[in-house]
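Below you'll find the structure, written out as structure tokens, and then a few comments.
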Amino acid sequence: MGSTLETTTRGIGFALLVLGTLLGTASLPASAGPASDPAVVAASVAPDNQRVCRTSTVPVDLQPGIVIAPGSELGPALDAERSGQYIFVKLCLPKGQTPRGVQVLVHGITYDHRYWNIADPADPEANTYSWEYHATRAGYATVAIDRLGNGASSHPPSNFVDITSNATALHNLVQALRAGEVAAPGGERIAFSNVALVGHSYGSFTSMIEASRFRDVDAVILTGFSHKLNASTALNVTAKSYPAALDPQFAGTLLDAGYLTPEPGNHQSLFYAPATDVDGRIIERDEATKGTFTAEELDNYPLILATPLRIDVPTLIVNGTLDGIFCGQSQLDLGTDCSTEARLVEQESPYFPDAPSLSSILVPGAGHDLNAFRPAPSAFQEANGWLARTMPPA
């Protein structure tokens, strides 16, 4: 399957790849993240209630899927970047427990690990919108990550940040968790015997590719996901995005031209609409703390959707019925029919021929950024209930 993940550069990704090479871009430190107001960042994150957490970094291999022609300057450039890459991780344990089951939480584009622990503006001390909280309450350890090129993780040249390098980095983390190489809150090293991947949007595709290629996990939960998407919404992501270096929020970060971000004022239309059952303050904070994605990640979508899958573990899909990216909202949309859970499973089943089971949960009234909507807590409970039956935490 490795060969199917190799891609040729094309379109905007190729143009930005060449530009990045000419500019001599190199890996950037965690400071390459957005220059968000610290007070806004703090207000956007829920407290770590009833769990103990520790942040650290995990070294990863840089293995992009691009095909580099013999003699190309990109070959030496990639060799120079392979060492020193890492991803930021936040490992949480339920208070007083040492579970053997861990959920690895993988965010989508323009987000980071904080997506899994959204603050409730109406009750800042609560964990209403925290998947992390609900998972640890169910007895699991959680590891929320910043994907490669995001947040506090290393930022290689953008042309090396694609679905393959993302999936490989995730595989490195899974192996580190099984080997007890990720520091736990008390400094102890826990060798986790059961690992589930939980993704959102591009993080779901990253999880899907990792589980299919490496077959080293025990369960997969894919949220904000399907193999069919609304073309108009997908095109809007491209049309309403520009190089992050041009955005005031990323001024001085030295991100190369292939790191993109939505233009100001577009998070609501891109990731929430047409759903409205959300506290507007969450959207405002989301806009103020937005992250990036790369042109290569965007170019990868046709490849991702066409990649044959070999996932051989139980899989769950969780979507909001008003997901404007993946769920069709009218007969003219090209998205997935999310009218019933049975219809969702029926449409996705052909892509998961080796999975022993494929289940789905639909969340009425929720949009693409599922975790941020008011119905989210019920989805958290139902999804963790499914996982408890599939991969117990103890």
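Each chain in the structure tokens gets a letter, A, B and so on, in the order shown; residues start at 1 in every chain, and ligands are counted from 1 in the order they appear.
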
Running DSSP on the backbone, which parts of region 199-331 of chain A land in strand (DSSP E), as a PyMOL selection string?
-> chain A and resi 199-200+219-223+241-243+259-262+293-294+315-320

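With only C-alpha atoms taken into account, the protein and nucleic acid residues at most 12 Å from Ser330 (chain A) (excluding it and anything under 6 positions from it in its own chain) are Asn230, Pro274, Thr321, Leu322, Gly324, Thr336, Asp337, Cys338 and Ser339 of chain A.
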
Got a sec: who's within 7 Å of Leu91 (chain A), counting only C-alpha atoms, leaving out chain neighbours fewer than 3 positions off, as a ChimeraX atom specification?
-> /A:53-55,142-144,184

Students should find that CA of Gln50 (chain A) and CA of Gly320 (chain A) are spaced 27.5 Å

Report as an mmCIF file with C-alpha atoms, in the first residue's frame all protein, DNA and RNA residues lying within 9 Å of region 219-229 of chain A, evaluated on only C-alpha atoms, omitting residues in the same chain fewer than 5 positions from it.
data_model
loop_
_atom_site.group_PDB
_atom_site.id
_atom_site.type_symbol
_atom_site.label_atom_id
_atom_site.label_comp_id
_atom_site.auth_asym_id
_atom_site.auth_seq_id
_atom_site.Cartn_x
_atom_site.Cartn_y
_atom_site.Cartn_z
ATOM 1 C CA ASN A 194 -5.005 -1.196 23.526
ATOM 2 C CA VAL A 195 -4.921 1.823 21.204
ATOM 3 C CA ALA A 196 -7.866 3.498 19.486
ATOM 4 C CA LEU A 197 -7.531 6.301 16.945
ATOM 5 C CA VAL A 198 -10.141 9.069 17.171
ATOM 6 C CA GLY A 199 -10.007 11.572 14.347
ATOM 7 C CA HIS A 200 -11.860 14.652 13.219
ATOM 8 C CA SER A 201 -12.060 15.675 9.552
ATOM 9 C CA TYR A 202 -8.497 15.554 8.132
ATOM 10 C CA GLY A 203 -7.525 13.867 11.381
ATOM 11 C CA SER A 204 -10.049 11.150 10.520
ATOM 12 C CA PHE A 205 -8.428 10.643 7.123
ATOM 13 C CA SER A 207 -6.304 7.931 11.244
ATOM 14 C CA MET A 208 -7.913 5.973 8.418
ATOM 15 C CA ALA A 211 -4.875 2.136 10.527
ATOM 16 C CA ALA A 234 -14.665 21.891 -0.386
ATOM 17 C CA ILE A 304 -7.158 9.858 0.003
ATOM 18 C CA LEU A 305 -10.670 9.244 -1.262
ATOM 19 C CA ALA A 306 -9.415 6.786 -3.892
ATOM 20 C CA ILE A 311 -8.636 -1.428 8.099
ATOM 21 C CA ASP A 312 -9.155 -4.663 10.019
ATOM 22 C CA VAL A 313 -10.575 -3.391 13.327
ATOM 23 C CA PRO A 314 -14.046 -2.218 14.431
ATOM 24 C CA THR A 315 -14.773 1.243 13.065
ATOM 25 C CA LEU A 316 -17.279 3.905 14.101
ATOM 26 C CA ILE A 317 -18.319 6.983 12.095
ATOM 27 C CA VAL A 318 -19.788 9.951 13.994
ATOM 28 C CA ASN A 319 -21.276 12.842 12.009
ATOM 29 C CA GLY A 320 -23.496 15.799 12.666
ATOM 30 C CA ASP A 323 -22.175 18.695 8.534
ATOM 31 C CA GLY A 324 -21.910 21.056 5.569
ATOM 32 C CA ILE A 325 -18.725 19.465 4.245
ATOM 33 C CA PHE A 326 -19.570 15.766 4.202
ATOM 34 C CA CYS A 327 -23.351 15.404 4.585
ATOM 35 C CA GLY A 328 -25.592 16.359 1.675
ATOM 36 C CA ASP A 333 -25.368 18.274 -2.965
ATOM 37 C CA LEU A 334 -22.767 15.631 -3.702
ATOM 38 C CA GLY A 335 -22.235 14.769 -0.047
ATOM 39 C CA THR A 336 -23.146 11.613 1.834
ATOM 40 C CA LEU A 344 -24.488 6.253 6.337
ATOM 41 C CA GLN A 347 -22.680 4.113 1.773
ATOM 42 C CA GLU A 348 -19.399 3.712 3.662
ATOM 43 C CA TYR A 351 -14.654 1.289 1.695
ATOM 44 C CA GLY A 367 -22.371 20.696 12.102
ATOM 45 C CA HIS A 368 -18.895 19.757 10.913
ATOM 46 C CA ASP A 369 -17.039 20.912 14.030
ATOM 47 C CA LEU A 370 -19.023 18.359 15.993
ATOM 48 C CA ALA A 383 -19.170 7.006 21.147
ATOM 49 C CA LEU A 387 -15.651 1.911 22.397
ATOM 50 C CA THR A 390 -15.327 -2.782 21.507
ATOM 51 C CA MET A 391 -12.053 -2.024 23.294
#

Find the residues near Gly180 (chain A): any atom within 7 Å, counting only C-alpha atoms, skip ones fewer than 4 places away on the same chain, and give them as a VMD selection string.
-> chain A and resid 176 189 to 192

The selected residues should be written to file as a PDB file, in the first residue's frame (atoms: C-alpha atoms).
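Result file follows (part_6.pdb):
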ATOM      1  CA  ALA A 176       5.791   4.808  21.271  1.00  0.00           C
ATOM      2  CA  ARG A 189       6.001   4.996  31.594  1.00  0.00           C
ATOM      3  CA  ILE A 190       2.835   3.112  30.670  1.00  0.00           C
ATOM      4  CA  ALA A 191       2.953   0.515  27.915  1.00  0.00           C
ATOM      5  CA  PHE A 192      -0.583   0.722  26.536  1.00  0.00           C
TER       6      PHE A 192
END

Counting only C-alpha atoms, what are the residues of region 75-126 of chain A within 8 Å of region 289-296 of chain A, and for each of them which pair of atoms is the nearest and at what distance in Å, to one decimal? Sort the table by chain and rising number, as a tab-separated table.
residue	atom	partner	partner_atom	distance
A:Ile109	CA	A:Phe293	CA	5.4
A:Thr110	CA	A:Gly291	CA	3.9
A:Tyr111	CA	A:Gly291	CA	5.3
A:Asp112	CA	A:Gly291	CA	7.3

Take the residues that were just selected and, keeping N, CA and C atoms, output them as an mmCIF file, in the first residue's frame.
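Final output, saved to result_24.cif:
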data_model
loop_
_atom_site.group_PDB
_atom_site.id
_atom_site.type_symbol
_atom_site.label_atom_id
_atom_site.label_comp_id
_atom_site.auth_asym_id
_atom_site.auth_seq_id
_atom_site.Cartn_x
_atom_site.Cartn_y
_atom_site.Cartn_z
ATOM 1 N N ILE A 109 -7.839 20.138 9.928
ATOM 2 C CA ILE A 109 -7.086 21.307 9.473
ATOM 3 C C ILE A 109 -7.557 22.563 10.202
ATOM 4 N N THR A 110 -6.635 23.459 10.421
ATOM 5 C CA THR A 110 -6.774 24.750 11.120
ATOM 6 C C THR A 110 -6.972 24.587 12.627
ATOM 7 N N TYR A 111 -6.798 23.377 13.146
ATOM 8 C CA TYR A 111 -6.975 23.142 14.585
ATOM 9 C C TYR A 111 -5.712 22.531 15.178
ATOM 10 N N ASP A 112 -5.740 22.291 16.477
ATOM 11 C CA ASP A 112 -4.671 21.570 17.156
ATOM 12 C C ASP A 112 -5.295 20.752 18.277
#

Test item, helix (DSSP H, G or I) assignment across region 150-243 of chain A, answer as number ranges by chain | A: 158-160, 163-178, 202-214, 231-239

The selected residues should be written to file as a compact mmCIF listing (two decimals), in the first residue's frame (atoms: N, CA and C atoms).
# COMPACT_ATOMS: atom_id res chain seq x y z
N SER A 158 6.47 23.04 3.96
CA SER A 158 5.09 22.62 3.75
C SER A 158 4.95 21.50 2.74
N ASN A 159 5.85 21.43 1.75
CA ASN A 159 5.71 20.39 0.73
C ASN A 159 5.99 19.00 1.28
N PHE A 160 6.49 18.91 2.52
CA PHE A 160 6.72 17.63 3.15
C PHE A 160 5.63 17.27 4.16
N ILE A 163 -0.57 13.72 3.62
CA ILE A 163 -1.27 12.64 4.32
C ILE A 163 -0.31 11.52 4.72
N THR A 164 0.72 11.28 3.91
CA THR A 164 1.65 10.20 4.22
C THR A 164 2.53 10.55 5.41
N SER A 165 3.07 11.77 5.45
CA SER A 165 3.90 12.15 6.59
C SER A 165 3.06 12.26 7.86
N ASN A 166 1.80 12.69 7.73
CA ASN A 166 0.91 12.72 8.89
C ASN A 166 0.65 11.31 9.43
N ALA A 167 0.35 10.37 8.52
CA ALA A 167 0.05 9.00 8.95
C ALA A 167 1.28 8.32 9.54
N THR A 168 2.45 8.59 8.96
CA THR A 168 3.68 7.99 9.48
C THR A 168 3.99 8.52 10.88
N ALA A 169 3.82 9.82 11.08
CA ALA A 169 4.04 10.39 12.41
C ALA A 169 3.08 9.79 13.42
N LEU A 170 1.83 9.58 13.01
CA LEU A 170 0.85 8.97 13.91
C LEU A 170 1.25 7.53 14.24
N HIS A 171 1.75 6.82 13.25
CA HIS A 171 2.25 5.45 13.48
C HIS A 171 3.40 5.46 14.48
N ASN A 172 4.32 6.40 14.34
CA ASN A 172 5.42 6.52 15.30
C ASN A 172 4.90 6.69 16.72
N LEU A 173 3.85 7.51 16.88
CA LEU A 173 3.27 7.73 18.20
C LEU A 173 2.62 6.47 18.73
N VAL A 174 1.87 5.76 17.90
CA VAL A 174 1.23 4.52 18.34
C VAL A 174 2.27 3.54 18.86
N GLN A 175 3.37 3.41 18.13
CA GLN A 175 4.43 2.50 18.56
C GLN A 175 5.06 2.96 19.88
N ALA A 176 5.23 4.27 20.03
CA ALA A 176 5.79 4.81 21.27
C ALA A 176 4.87 4.55 22.45
N LEU A 177 3.56 4.66 22.24
CA LEU A 177 2.60 4.41 23.32
C LEU A 177 2.62 2.94 23.72
N ARG A 178 2.69 2.06 22.76
CA ARG A 178 2.73 0.63 23.08
C ARG A 178 4.03 0.25 23.80
N TYR A 202 -9.77 16.04 8.68
CA TYR A 202 -8.50 15.55 8.13
C TYR A 202 -7.80 14.61 9.11
N GLY A 203 -8.06 14.80 10.40
CA GLY A 203 -7.52 13.87 11.38
C GLY A 203 -8.16 12.49 11.25
N SER A 204 -9.41 12.44 10.79
CA SER A 204 -10.05 11.15 10.52
C SER A 204 -9.39 10.47 9.33
N PHE A 205 -9.11 11.24 8.28
CA PHE A 205 -8.43 10.64 7.12
C PHE A 205 -7.02 10.18 7.49
N THR A 206 -6.33 10.96 8.32
CA THR A 206 -5.01 10.56 8.79
C THR A 206 -5.11 9.25 9.58
N SER A 207 -6.10 9.15 10.46
CA SER A 207 -6.30 7.93 11.24
C SER A 207 -6.65 6.75 10.34
N MET A 208 -7.49 7.01 9.36
CA MET A 208 -7.91 5.97 8.42
C MET A 208 -6.71 5.41 7.66
N ILE A 209 -5.85 6.28 7.16
CA ILE A 209 -4.69 5.84 6.40
C ILE A 209 -3.70 5.11 7.32
N GLU A 210 -3.49 5.63 8.53
CA GLU A 210 -2.58 4.97 9.46
C GLU A 210 -3.06 3.56 9.79
N ALA A 211 -4.33 3.44 10.14
CA ALA A 211 -4.88 2.14 10.53
C ALA A 211 -4.85 1.15 9.37
N SER A 212 -5.04 1.66 8.16
CA SER A 212 -5.05 0.80 6.98
C SER A 212 -3.65 0.36 6.58
N ARG A 213 -2.72 1.29 6.64
CA ARG A 213 -1.36 0.99 6.18
C ARG A 213 -0.57 0.17 7.19
N PHE A 214 -0.69 0.50 8.49
CA PHE A 214 0.16 -0.12 9.50
C PHE A 214 -0.55 -1.19 10.32
N ALA A 231 -18.95 19.31 -3.04
CA ALA A 231 -17.89 19.96 -3.82
C ALA A 231 -17.84 21.46 -3.57
N SER A 232 -19.00 22.10 -3.43
CA SER A 232 -19.01 23.55 -3.25
C SER A 232 -18.33 23.95 -1.95
N THR A 233 -18.60 23.20 -0.89
CA THR A 233 -17.99 23.52 0.40
C THR A 233 -16.49 23.28 0.35
N ALA A 234 -16.09 22.18 -0.28
CA ALA A 234 -14.66 21.89 -0.39
C ALA A 234 -13.94 22.98 -1.18
N LEU A 235 -14.57 23.45 -2.25
CA LEU A 235 -13.96 24.51 -3.05
C LEU A 235 -13.87 25.81 -2.26
N ASN A 236 -14.83 26.02 -1.36
CA ASN A 236 -14.80 27.23 -0.53
C ASN A 236 -13.56 27.26 0.36
N VAL A 237 -13.14 26.09 0.84
CA VAL A 237 -11.94 26.05 1.69
C VAL A 237 -10.75 26.59 0.91
N THR A 238 -10.66 26.19 -0.37
CA THR A 238 -9.57 26.68 -1.21
C THR A 238 -9.74 28.16 -1.52
N ALA A 239 -10.96 28.53 -1.92
CA ALA A 239 -11.20 29.91 -2.35
C ALA A 239 -11.04 30.91 -1.22

So that I can see what lies close to region 123-129 of chain A, please list as a JSON list (two decimals) with C-alpha atoms, in the first residue's frame the residues with an atom at most 8 Å from it, counting only C-alpha atoms and leaving out residues fewer than 6 positions away in the same chain.
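Now in around.json:
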[["chain", "number", "residue", "atom", "x", "y", "z"],
["A", 43, "ALA", "CA", -10.53, 31.16, 27.62],
["A", 46, "ALA", "CA", -11.65, 23.78, 29.24],
["A", 47, "PRO", "CA", -10.02, 22.87, 32.59],
["A", 49, "ASN", "CA", -11.27, 18.23, 35.48],
["A", 116, "TRP", "CA", -10.69, 17.99, 21.97],
["A", 117, "ASN", "CA", -11.09, 20.21, 25.06],
["A", 371, "ASN", "CA", -17.35, 18.88, 19.38],
["A", 372, "ALA", "CA", -18.41, 22.54, 19.52],
["A", 373, "PHE", "CA", -22.17, 22.04, 19.20],
["A", 374, "ARG", "CA", -24.66, 21.81, 22.05],
["A", 376, "ALA", "CA", -21.99, 17.09, 21.46],
["A", 377, "PRO", "CA", -22.07, 15.65, 25.03]]

For CA of Val161 (chain A) and CA of Leu309 (chain A), determine how far apart the two atoms are, in Å to one decimal place.
-> 21.2 Å

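When only C-alpha atoms are used to compute distances to Ala42 (chain A), the closest of the residues A:Ala179, A:Ala119, A:Ala275, A:Val89 turns out to be A:Ala119.
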
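The interatomic distance for the pair CA of Pro364 (chain A) and CA of Trp131 (chain A) works out to 17.6 Å.
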